[in-house]
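Shown next: run39.cif, containing mmCIF, C-alpha atoms and all ligand atoms.
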```cif
data_work
loop_
_atom_site.label_atom_id
_atom_site.label_comp_id
_atom_site.auth_asym_id
_atom_site.auth_seq_id
_atom_site.Cartn_x
_atom_site.Cartn_y
_atom_site.Cartn_z
CA MET A 1 -29.57 42.95 13.90
CA ASN A 2 -26.84 42.84 11.29
CA ASN A 3 -27.82 41.05 8.08
CA SER A 4 -25.29 42.80 5.84
CA PHE A 5 -24.15 39.49 4.32
CA LEU A 6 -27.53 39.26 2.54
CA LYS A 7 -27.01 42.37 0.42
CA THR A 8 -26.44 40.56 -2.87
CA PRO A 9 -28.14 37.20 -2.65
CA GLN A 10 -26.20 34.60 -4.58
CA TYR A 11 -24.99 31.07 -4.13
CA THR A 12 -21.43 30.84 -2.85
CA ASN A 13 -19.38 28.43 -4.96
CA TYR A 14 -16.58 26.29 -3.59
CA ASP A 15 -13.71 28.70 -4.29
CA ASP A 16 -15.59 31.62 -2.75
CA LEU A 17 -16.53 29.49 0.24
CA VAL A 18 -12.86 28.71 0.90
CA LYS A 19 -12.04 32.44 0.70
CA LEU A 20 -14.97 33.47 2.88
CA PHE A 21 -14.17 30.96 5.62
CA ASP A 22 -10.52 32.07 5.59
CA GLU A 23 -11.68 35.65 6.04
CA LEU A 24 -14.04 34.77 8.87
CA GLU A 25 -11.30 32.89 10.69
CA THR A 26 -8.92 35.83 10.28
CA ASN A 27 -11.49 38.43 11.31
CA TYR A 28 -12.85 36.48 14.29
CA PRO A 29 -9.85 34.57 15.66
CA GLU A 30 -11.42 34.14 19.11
CA LEU A 31 -14.72 32.83 17.75
CA ALA A 32 -14.09 30.94 14.52
CA LYS A 33 -11.90 28.05 13.49
CA VAL A 34 -11.99 26.43 10.06
CA TYR A 35 -11.01 22.83 9.49
CA SER A 36 -11.54 20.09 6.96
CA ILE A 37 -12.69 16.56 7.78
CA GLY A 38 -11.41 15.13 4.50
CA LYS A 39 -11.64 15.51 0.75
CA SER A 40 -14.27 14.78 -1.86
CA VAL A 41 -13.69 12.43 -4.80
CA GLU A 42 -12.50 15.41 -6.89
CA GLY A 43 -10.26 16.69 -4.10
CA ARG A 44 -12.36 19.51 -2.67
CA ARG A 45 -12.01 20.00 1.08
CA LEU A 46 -14.98 19.09 3.26
CA LEU A 47 -14.93 22.32 5.22
CA VAL A 48 -16.33 22.92 8.68
CA ILE A 49 -16.41 26.19 10.57
CA GLN A 50 -16.40 25.80 14.33
CA ILE A 51 -17.93 28.72 16.20
CA SER A 52 -17.60 29.10 19.94
CA GLU A 53 -16.28 31.71 22.35
CA GLY A 54 -12.57 31.07 22.99
CA VAL A 55 -12.57 28.59 20.12
CA LYS A 56 -8.86 27.81 20.41
CA SER A 57 -9.24 26.44 23.95
CA THR A 58 -10.96 23.30 25.19
CA HIS A 59 -14.27 23.78 26.99
CA PRO A 60 -15.23 20.36 28.37
CA GLU A 61 -18.55 21.60 29.73
CA ARG A 62 -19.90 22.78 26.35
CA PRO A 63 -22.02 20.39 24.28
CA ALA A 64 -20.98 19.93 20.65
CA PHE A 65 -23.59 20.57 17.97
CA LYS A 66 -23.33 20.13 14.21
CA TYR A 67 -25.24 20.96 11.07
CA VAL A 68 -24.34 19.06 7.91
CA ALA A 69 -25.88 20.36 4.67
CA ASN A 70 -25.82 19.60 0.96
CA MET A 71 -24.97 15.89 1.08
CA HIS A 72 -27.17 15.86 -2.00
CA GLY A 73 -25.27 18.35 -4.13
CA ASP A 74 -28.34 19.79 -5.86
CA GLU A 75 -30.10 20.60 -2.56
CA SER A 76 -28.62 24.02 -2.24
CA VAL A 77 -30.70 25.95 0.30
CA GLY A 78 -29.26 24.37 3.44
CA ARG A 79 -25.76 24.90 2.09
CA GLN A 80 -26.29 28.62 1.66
CA LEU A 81 -28.13 28.90 5.00
CA MET A 82 -25.08 27.45 6.76
CA ILE A 83 -22.91 30.10 5.10
CA TYR A 84 -25.35 32.77 6.28
CA LEU A 85 -25.63 31.28 9.75
CA ALA A 86 -21.85 31.32 10.25
CA GLN A 87 -21.74 35.01 9.34
CA TYR A 88 -24.83 35.81 11.36
CA LEU A 89 -23.39 34.27 14.52
CA LEU A 90 -20.05 36.02 14.11
CA VAL A 91 -21.34 39.44 13.06
CA ASN A 92 -23.92 39.56 15.86
CA TYR A 93 -21.80 38.12 18.66
CA GLY A 94 -21.58 40.63 21.51
CA LYS A 95 -24.47 42.63 20.02
CA ASP A 96 -27.39 40.23 20.18
CA ASP A 97 -28.09 38.47 23.49
CA ARG A 98 -29.43 35.28 21.99
CA VAL A 99 -26.47 34.82 19.64
CA THR A 100 -23.97 35.73 22.35
CA LYS A 101 -25.41 33.25 24.82
CA LEU A 102 -25.46 30.48 22.23
CA VAL A 103 -21.86 31.08 21.16
CA ASN A 104 -20.71 31.35 24.79
CA THR A 105 -22.26 28.04 25.82
CA THR A 106 -22.16 25.82 22.73
CA ASP A 107 -19.51 24.25 20.54
CA ILE A 108 -21.12 24.81 17.12
CA HIS A 109 -19.84 23.08 13.96
CA LEU A 110 -21.30 24.07 10.59
CA MET A 111 -20.57 22.07 7.44
CA PRO A 112 -22.13 23.82 4.43
CA SER A 113 -21.41 21.00 2.00
CA LEU A 114 -20.74 17.30 2.34
CA ASN A 115 -20.94 17.01 -1.43
CA PRO A 116 -19.06 19.98 -2.94
CA ASP A 117 -18.45 18.07 -6.21
CA GLY A 118 -22.18 17.54 -6.67
CA PHE A 119 -22.92 21.18 -5.90
CA GLU A 120 -20.45 22.50 -8.49
CA LYS A 121 -21.95 20.16 -11.07
CA SER A 122 -25.55 20.99 -10.25
CA LYS A 123 -25.00 24.63 -11.13
CA PHE A 124 -24.26 23.78 -14.72
CA GLU A 125 -26.04 20.52 -15.40
CA GLY A 126 -28.91 20.64 -12.97
CA ASP A 127 -28.05 17.24 -11.57
CA GLY A 128 -25.61 16.88 -8.73
CA ARG A 129 -27.48 14.81 -6.18
CA ASN A 130 -24.83 12.09 -6.09
CA ASN A 131 -21.11 12.46 -5.52
CA ALA A 132 -18.60 12.42 -8.38
CA LYS A 133 -18.66 8.62 -8.39
CA GLY A 134 -22.43 8.61 -8.86
CA VAL A 135 -23.16 7.44 -5.31
CA ASP A 136 -26.01 8.78 -3.17
CA LEU A 137 -24.12 9.60 0.05
CA ASN A 138 -27.26 9.23 2.14
CA ARG A 139 -27.41 5.54 1.22
CA ASP A 140 -23.72 4.86 1.79
CA PHE A 141 -23.56 4.64 5.60
CA PRO A 142 -23.29 1.43 7.63
CA ASP A 143 -26.82 0.28 8.39
CA GLN A 144 -28.01 -1.23 11.64
CA PHE A 145 -29.94 -3.95 9.80
CA ASP A 146 -27.05 -4.97 7.57
CA ARG A 147 -26.40 -8.64 8.35
CA ASN A 148 -22.65 -8.12 8.02
CA ARG A 149 -22.64 -5.20 10.41
CA SER A 150 -19.64 -4.90 12.71
CA ASN A 151 -17.60 -2.25 14.46
CA ASP A 152 -14.27 -2.99 12.84
CA ASP A 153 -12.66 -0.54 10.47
CA ALA A 154 -12.88 -2.89 7.50
CA TYR A 155 -16.68 -2.80 7.74
CA LEU A 156 -17.05 0.83 8.79
CA PHE A 157 -14.77 2.27 6.12
CA GLY A 158 -14.28 -0.46 3.52
CA GLY A 159 -15.77 0.44 0.14
CA ARG A 160 -17.28 3.71 1.39
CA GLN A 161 -17.06 6.93 -0.55
CA PRO A 162 -14.43 9.38 0.79
CA GLU A 163 -17.17 11.82 1.86
CA THR A 164 -18.98 9.10 3.83
CA ALA A 165 -15.77 7.81 5.42
CA ALA A 166 -14.89 11.36 6.49
CA ILE A 167 -18.22 11.76 8.30
CA ILE A 168 -17.90 8.36 9.97
CA ARG A 169 -14.42 9.24 11.25
CA TRP A 170 -15.66 12.64 12.45
CA VAL A 171 -18.74 11.29 14.24
CA LEU A 172 -16.77 8.53 15.95
CA SER A 173 -13.94 10.82 17.07
CA LYS A 174 -15.91 13.84 18.25
CA GLN A 175 -18.74 13.41 20.70
CA PHE A 176 -21.54 15.43 19.20
CA VAL A 177 -24.73 15.67 21.21
CA LEU A 178 -27.17 16.91 18.59
CA SER A 179 -27.09 17.30 14.84
CA GLY A 180 -29.20 18.57 11.96
CA ASN A 181 -28.92 17.11 8.46
CA LEU A 182 -30.23 19.65 5.96
CA HIS A 183 -31.86 18.62 2.70
CA GLY A 184 -34.31 20.07 0.17
CA GLY A 185 -37.00 18.89 -2.20
CA ALA A 186 -39.82 18.51 0.32
CA ILE A 187 -40.85 20.07 3.61
CA VAL A 188 -40.47 17.36 6.19
CA ALA A 189 -38.57 16.47 9.35
CA SER A 190 -37.59 12.87 9.99
CA TYR A 191 -35.88 11.27 12.95
CA PRO A 192 -34.24 7.91 13.68
CA TYR A 193 -34.90 5.29 12.60
CA ASP A 194 -35.62 5.93 8.96
CA ASP A 195 -34.70 2.43 7.88
CA SER A 196 -37.55 0.61 9.58
CA ARG A 197 -41.21 0.85 10.43
CA LEU A 198 -40.32 -0.74 13.75
CA TYR A 199 -39.25 2.51 15.27
CA VAL A 200 -40.99 2.30 18.62
CA GLU A 201 -37.80 1.78 20.51
CA CYS A 202 -36.40 4.90 18.99
CA LEU A 203 -37.89 7.14 21.48
CA GLN A 204 -40.96 8.97 20.51
CA LEU A 205 -39.76 10.93 23.48
CA GLU A 206 -36.65 12.15 21.75
CA ALA A 207 -38.48 12.89 18.55
CA CYS A 208 -41.03 14.97 20.44
CA LEU A 209 -38.26 16.89 22.04
CA LEU A 210 -37.03 18.01 18.67
CA CYS A 211 -40.00 18.07 16.33
CA GLY A 212 -43.17 18.07 18.36
CA ARG A 213 -42.64 21.45 19.90
CA GLY A 214 -42.78 23.30 16.63
CA ILE A 215 -39.14 24.16 16.56
CA ALA A 216 -38.10 22.22 13.50
CA PRO A 217 -36.25 24.39 10.99
CA GLY A 218 -38.20 26.25 8.36
CA GLU A 219 -41.70 25.34 7.48
CA ALA A 220 -41.08 21.72 8.39
CA HIS A 221 -44.19 20.77 10.26
CA SER A 222 -44.64 17.05 9.92
CA CYS A 223 -42.59 14.15 11.12
CA ASN A 224 -43.24 12.09 8.08
CA ARG A 225 -42.05 8.55 8.36
CA SER A 226 -43.82 6.74 5.58
CA CYS A 227 -42.04 8.33 2.63
CA LEU A 228 -38.57 8.30 4.10
CA ASN A 229 -37.77 4.64 4.65
CA PHE A 230 -34.35 3.76 3.32
CA LEU A 231 -31.14 1.99 4.26
CA GLY A 232 -27.68 3.42 4.79
CA GLY A 233 -28.69 6.92 5.89
CA MET A 234 -26.52 9.31 7.87
CA GLN A 235 -28.94 10.13 10.70
CA ASP A 236 -29.38 6.52 11.81
CA PHE A 237 -25.63 6.04 11.69
CA ASN A 238 -25.20 8.93 14.13
CA TYR A 239 -27.82 7.57 16.50
CA VAL A 240 -26.75 3.94 16.46
CA ASN A 241 -23.00 4.48 16.50
CA SER A 242 -22.48 7.53 18.68
CA ASN A 243 -24.03 9.74 21.35
CA CYS A 244 -25.39 12.01 18.69
CA PHE A 245 -29.08 12.43 17.94
CA GLU A 246 -29.61 13.65 14.38
CA VAL A 247 -32.77 14.94 12.72
CA THR A 248 -33.11 15.33 8.96
CA PHE A 249 -34.80 18.52 7.79
CA GLU A 250 -36.06 19.07 4.27
CA LEU A 251 -36.13 22.83 3.95
CA SER A 252 -37.60 23.75 0.59
CA CYS A 253 -39.94 22.23 -1.98
CA CYS A 254 -37.64 23.29 -4.80
CA LYS A 255 -34.17 21.80 -4.47
CA TYR A 256 -32.31 24.61 -6.19
CA PRO A 257 -34.42 27.80 -6.04
CA ARG A 258 -33.33 31.03 -7.68
CA ALA A 259 -30.74 32.96 -5.70
CA ALA A 260 -33.16 35.88 -5.33
CA GLN A 261 -35.23 33.67 -3.00
CA LEU A 262 -32.35 33.05 -0.60
CA PRO A 263 -33.18 36.00 1.71
CA HIS A 264 -36.71 34.59 2.05
CA PHE A 265 -35.36 31.16 3.01
CA TRP A 266 -33.01 32.80 5.49
CA ASP A 267 -35.89 34.81 7.00
CA ILE A 268 -38.12 31.80 7.62
CA ASN A 269 -35.31 29.51 8.78
CA ARG A 270 -33.08 31.75 10.87
CA ASP A 271 -34.97 31.50 14.17
CA PRO A 272 -35.75 27.78 13.82
CA LEU A 273 -32.08 27.06 13.03
CA LEU A 274 -31.07 28.89 16.22
CA ALA A 275 -33.86 27.25 18.24
CA TYR A 276 -32.75 23.81 17.14
CA ILE A 277 -29.18 24.47 18.27
CA GLU A 278 -30.56 25.66 21.63
CA GLN A 279 -32.18 22.23 22.11
CA VAL A 280 -28.71 20.83 22.78
CA HIS A 281 -29.08 22.40 26.23
CA VAL A 282 -32.33 20.64 27.13
CA GLY A 283 -32.00 17.71 29.49
CA VAL A 284 -29.39 16.60 31.93
CA THR A 285 -25.69 17.32 31.79
CA GLY A 286 -22.73 17.10 34.12
CA PHE A 287 -19.56 15.18 34.81
CA VAL A 288 -18.81 11.65 35.87
CA LEU A 289 -15.95 11.60 38.38
CA ASP A 290 -14.16 8.91 40.31
CA GLU A 291 -13.54 8.90 44.07
CA ASP A 292 -10.56 11.17 43.65
CA GLY A 293 -12.55 13.63 41.58
CA GLU A 294 -10.83 12.57 38.36
CA PRO A 295 -12.93 12.39 35.18
CA VAL A 296 -14.26 8.98 34.14
CA LYS A 297 -14.46 8.59 30.40
CA ASN A 298 -16.78 6.27 28.50
CA ALA A 299 -19.15 5.91 31.46
CA GLN A 300 -22.66 4.96 30.36
CA ILE A 301 -25.52 7.29 31.29
CA ILE A 302 -28.62 5.10 31.35
CA VAL A 303 -32.17 6.40 31.49
CA GLU A 304 -34.61 3.75 32.66
CA GLY A 305 -37.06 2.84 29.91
CA ILE A 306 -34.92 4.20 27.06
CA LYS A 307 -32.70 1.74 25.27
CA HIS A 308 -30.28 4.31 23.93
CA SER A 309 -27.66 5.33 26.48
CA VAL A 310 -24.98 7.98 26.05
CA ARG A 311 -21.35 7.92 27.16
CA SER A 312 -19.12 10.41 28.91
CA THR A 313 -16.30 12.19 27.08
CA GLU A 314 -12.60 12.00 27.88
CA HIS A 315 -13.23 14.87 30.31
CA GLY A 316 -16.01 12.91 32.02
CA ALA A 317 -18.68 15.25 30.63
CA TYR A 318 -22.00 13.94 29.41
CA TRP A 319 -25.23 15.31 27.95
CA ARG A 320 -28.53 13.46 27.88
CA LEU A 321 -31.29 15.20 25.95
CA LEU A 322 -34.55 14.78 27.87
CA LEU A 323 -37.90 16.47 28.15
CA PRO A 324 -38.93 17.70 31.60
CA GLY A 325 -40.24 14.77 33.65
CA ASP A 326 -39.30 12.13 36.21
CA TYR A 327 -36.53 9.76 35.26
CA ASN A 328 -34.38 7.14 36.88
CA ILE A 329 -30.88 7.77 35.65
CA THR A 330 -27.92 5.61 36.49
CA THR A 331 -24.29 5.81 35.55
CA VAL A 332 -22.13 2.78 34.97
CA ALA A 333 -18.43 2.60 34.25
CA SER A 334 -16.22 -0.45 34.27
CA GLY A 335 -14.54 -0.80 37.66
CA HIS A 336 -16.89 1.67 39.33
CA ARG A 337 -20.33 1.66 40.82
CA LEU A 338 -22.71 4.55 41.18
CA ASN A 339 -23.19 6.48 44.35
CA SER A 340 -26.80 5.41 44.82
CA THR A 341 -28.03 8.75 46.12
CA ASN A 342 -27.91 10.04 42.56
CA LYS A 343 -30.41 7.61 41.21
CA ALA A 344 -33.74 9.39 40.82
CA ARG A 345 -33.91 12.82 39.34
CA ARG A 346 -36.48 15.30 38.25
CA ILE A 347 -35.20 16.80 35.02
CA ASP A 348 -35.89 20.39 34.19
CA PHE A 349 -34.25 22.63 31.66
CA ALA A 350 -30.52 21.98 31.48
CA ILE A 351 -30.13 20.58 34.95
CA LEU A 352 -26.58 19.77 35.97
CA ILE A 353 -25.74 16.60 37.87
CA THR A 354 -22.27 15.47 38.73
CA TYR A 355 -21.92 11.77 39.43
CA GLN A 356 -19.18 10.65 41.75
CA LEU A 357 -18.41 6.97 41.28
CA LYS A 358 -16.96 4.55 43.83
CA GLN A 359 -14.50 1.76 43.25
CA GLN A 360 -16.23 -1.61 43.04
ZN ZN A 401 -31.56 15.17 0.13
#
```
Please render this file's structure as structure tokens.
Amino acid sequence: MNNSFLKTPQYTNYDDLVKLFDELETNYPELAKVYSIGKSVEGRRLLVIQISEGVKSTHPERPAFKYVANMHGDESVGRQLMIYLAQYLLVNYGKDDRVTKLVNTTDIHLMPSLNPDGFEKSKFEGDGRNNAKGVDLNRDFPDQFDRNRSNDDAYLFGGRQPETAAIIRWVLSKQFVLSGNLHGGAIVASYPYDDSRLYVECLQLEACLLCGRGIAPGEAHSCNRSCLNFLGGMQDFNYVNSNCFEVTFELSCCKYPRAAQLPHFWDINRDPLLAYIEQVHVGVTGFVLDEDGEPVKNAQIIVEGIKHSVRSTEHGAYWRLLLPGDYNITTVASGHRLNSTNKARRIDFAILITYQLKQQ
């Protein structure tokens, strides 16, 4: 296993991150693509590295996964782990079976820092939780219990920080299936909804899938709800407004540990970080097609007993995370009805079902 990138443990600042990602893209043109989803208040790019085999082509059958770290600029461990993870996946592709399989089957997007301004500041002043305008980005998202809530752009984007608006645009335009939001300062995993104690309808089922099996990143071992109730968070926004299920992981007790400890944090988090990405393949996936075999986009995939449905992509592909069990799954698209033979399904690991719809 190649861990050469750990030789001199140190935090990678913004300028070095830009250089490193450029190098990775140049050295691994078939596997890595770097893009920016927008700019911070101080004009730093919000960089993402996309890692997938044949990254320049479209692969409609691959589920999209994302990690977003460092939205609180002083919570530095997740940021550095994303930088390590990108290198780990690229360096070990073709050498390590687990990495190779993951990169061959998954569209992986890693964002080391949603708050690069805060991170640069925290190095010198020890306080960079908020963005350069003093706003806590994890309280700046549209909230499901906001009385003024709506789906129009004026509400979604109006008055938001540029970092928040960039994430909203990204989440609404790209159909992610699963996401991890990496923080520090405690060791906890939390899942939607974090803005209410009335979380029963948010699928204990889905939370179990991700936390209850002991695969949460790092030492995170409890799904602690009571201390994480707040409004305007990013994970609930993902869940309410898109297909994406997001879990928040707090990776380290100390928000900004000494750089010498980074290899330790990498050691204890590497396998869980990989295992969490692998969860994107648990459940049911397939395509929704019309009578002529053409893809149907925006079809709803409905699991009986679960309020949250997912929708098919422009290629007709869909992914529904589910634990093994018996489910009634139906597919609905405007102007079509479901071929009823596809109604009841036993779901095992990554089962594939293609739905062919009929004209109504
Ligand atoms: Zn945080």
Considering only C-alpha atoms and all ligand atoms, tabulate each residue of chain A that lies at most 6 Å from ligand ZN 401 (chain A) along with its nearest interatomic pair and the corresponding distance in Å to one decimal; arrange the rows by chain and ascending residue number and present them as a tab-separated table.
```
residue	atom	partner	partner_atom	distance
A:His72	CA	A:ZN401	ZN	4.9
A:His183	CA	A:ZN401	ZN	4.3
A:Gly184	CA	A:ZN401	ZN	5.6
```
CA of Arg258 (chain A) and CA of Tyr88 (chain A) are how many Å apart? 21.4 Å
Between A:Ile306, A:Gly43, A:Ala86, A:Glu250, which residue has the minimum interatomic distance to Glu23 (chain A), considering all atoms listed in the file?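 Closest to Glu23 (chain A), using all atoms listed in the file: A:Ala86.
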As an MDAnalysis selection string, please: the residues near Gly185 (chain A) (cut-off 7 Å, only C-alpha atoms, same-chain neighbours under 3 positions excluded). chainID A and resid 250 252:255
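Taking CA of Tyr93 (chain A) and CA of His264 (chain A) as endpoints, the distance between them is 22.6 Å.
The coordinates place CA of Phe21 (chain A) at 6.7 Å from CA of Val34 (chain A).
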Determine, counting only C-alpha atoms, which protein, DNA and RNA residues have an atom within 8 Å of an atom of Ser113 (chain A); residues of the same chain fewer than 2 positions away are not included. Present the result as a PyMOL selection string. chain A and resi 46-47+68-71+73+79+111+115-116
I'd like the contact shell of Thr100 (chain A) - 12 Å cut-off, only C-alpha atoms, skipping same-chain residues fewer than 4 positions apart - returned as a PDB file with C-alpha atoms, keeping the file's coordinate frame.
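Output file part-v1.pdb follows:
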```pdb
ATOM      1  CA  LEU A  31     -14.720  32.830  17.750  1.00  0.00           C
ATOM      2  CA  ILE A  51     -17.930  28.720  16.200  1.00  0.00           C
ATOM      3  CA  SER A  52     -17.600  29.100  19.940  1.00  0.00           C
ATOM      4  CA  GLU A  53     -16.280  31.710  22.350  1.00  0.00           C
ATOM      5  CA  TYR A  88     -24.830  35.810  11.360  1.00  0.00           C
ATOM      6  CA  LEU A  89     -23.390  34.270  14.520  1.00  0.00           C
ATOM      7  CA  LEU A  90     -20.050  36.020  14.110  1.00  0.00           C
ATOM      8  CA  VAL A  91     -21.340  39.440  13.060  1.00  0.00           C
ATOM      9  CA  ASN A  92     -23.920  39.560  15.860  1.00  0.00           C
ATOM     10  CA  TYR A  93     -21.800  38.120  18.660  1.00  0.00           C
ATOM     11  CA  GLY A  94     -21.580  40.630  21.510  1.00  0.00           C
ATOM     12  CA  LYS A  95     -24.470  42.630  20.020  1.00  0.00           C
ATOM     13  CA  ASP A  96     -27.390  40.230  20.180  1.00  0.00           C
ATOM     14  CA  ASN A 104     -20.710  31.350  24.790  1.00  0.00           C
ATOM     15  CA  THR A 105     -22.260  28.040  25.820  1.00  0.00           C
ATOM     16  CA  THR A 106     -22.160  25.820  22.730  1.00  0.00           C
ATOM     17  CA  LEU A 274     -31.070  28.890  16.220  1.00  0.00           C
TER      18      LEU A 274
END
```
Could you give me, as a short mmCIF file (atom, residue, chain, number, x, y, z; two decimals) with C-alpha atoms, in the coordinates of the input, the residues within 12 Å of Ser173 (chain A), counting all atoms listed in the file and dropping anything in the same chain fewer than 2 positions from it?
```cif
data_model
loop_
_atom_site.label_atom_id
_atom_site.label_comp_id
_atom_site.auth_asym_id
_atom_site.auth_seq_id
_atom_site.Cartn_x
_atom_site.Cartn_y
_atom_site.Cartn_z
CA ILE A 37 -12.69 16.56 7.78
CA ALA A 166 -14.89 11.36 6.49
CA ILE A 167 -18.22 11.76 8.30
CA ILE A 168 -17.90 8.36 9.97
CA ARG A 169 -14.42 9.24 11.25
CA TRP A 170 -15.66 12.64 12.45
CA VAL A 171 -18.74 11.29 14.24
CA GLN A 175 -18.74 13.41 20.70
CA PHE A 176 -21.54 15.43 19.20
CA ASN A 238 -25.20 8.93 14.13
CA ASN A 241 -23.00 4.48 16.50
CA SER A 242 -22.48 7.53 18.68
CA ASN A 243 -24.03 9.74 21.35
CA CYS A 244 -25.39 12.01 18.69
CA THR A 313 -16.30 12.19 27.08
CA GLU A 314 -12.60 12.00 27.88
#
```
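Among A:Tyr35, A:Trp266, A:Phe141, A:Tyr327, the residue with the shortest atom-to-atom distance to Gly159 (chain A), counting only C-alpha atoms, is A:Phe141.
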Which residue of A:Asn151, A:Gln50, A:Thr58, A:Ser40 approaches Phe119 (chain A) most closely, using all atoms listed in the file: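 With all atoms listed in the file as the atom set, the closest residue is A:Ser40.
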Restricting the calculation to all atoms listed in the file, which member of A:Tyr239, A:Tyr28, A:Tyr67, A:Tyr14 is positioned closest to Lys307 (chain A)?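 Distance minimum relative to Lys307 (chain A) lands on A:Tyr239.
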Long-range neighbours of Pro257 (chain A) as an NGL selection string, 12 Å cut-off, all atoms listed in the file, 2 positions minimum in chain: :A and (9-11 or 74-78 or 80 or 122-123 or 126 or 184-185 or 251-255 or 259-265)
Using all atoms listed in the file, which of A:Ser309, A:Ser57, A:Thr8, A:Gln235 sits nearest Arg139 (chain A)?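 Closest to Arg139 (chain A), using all atoms listed in the file: A:Gln235.
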Which residue gives the smallest distance to Phe65 (chain A) among A:Leu137, A:Val332, A:Leu231, A:Val177, with only C-alpha atoms counted?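 Looking at the shortest contact to Phe65 (chain A), the residue is A:Val177.
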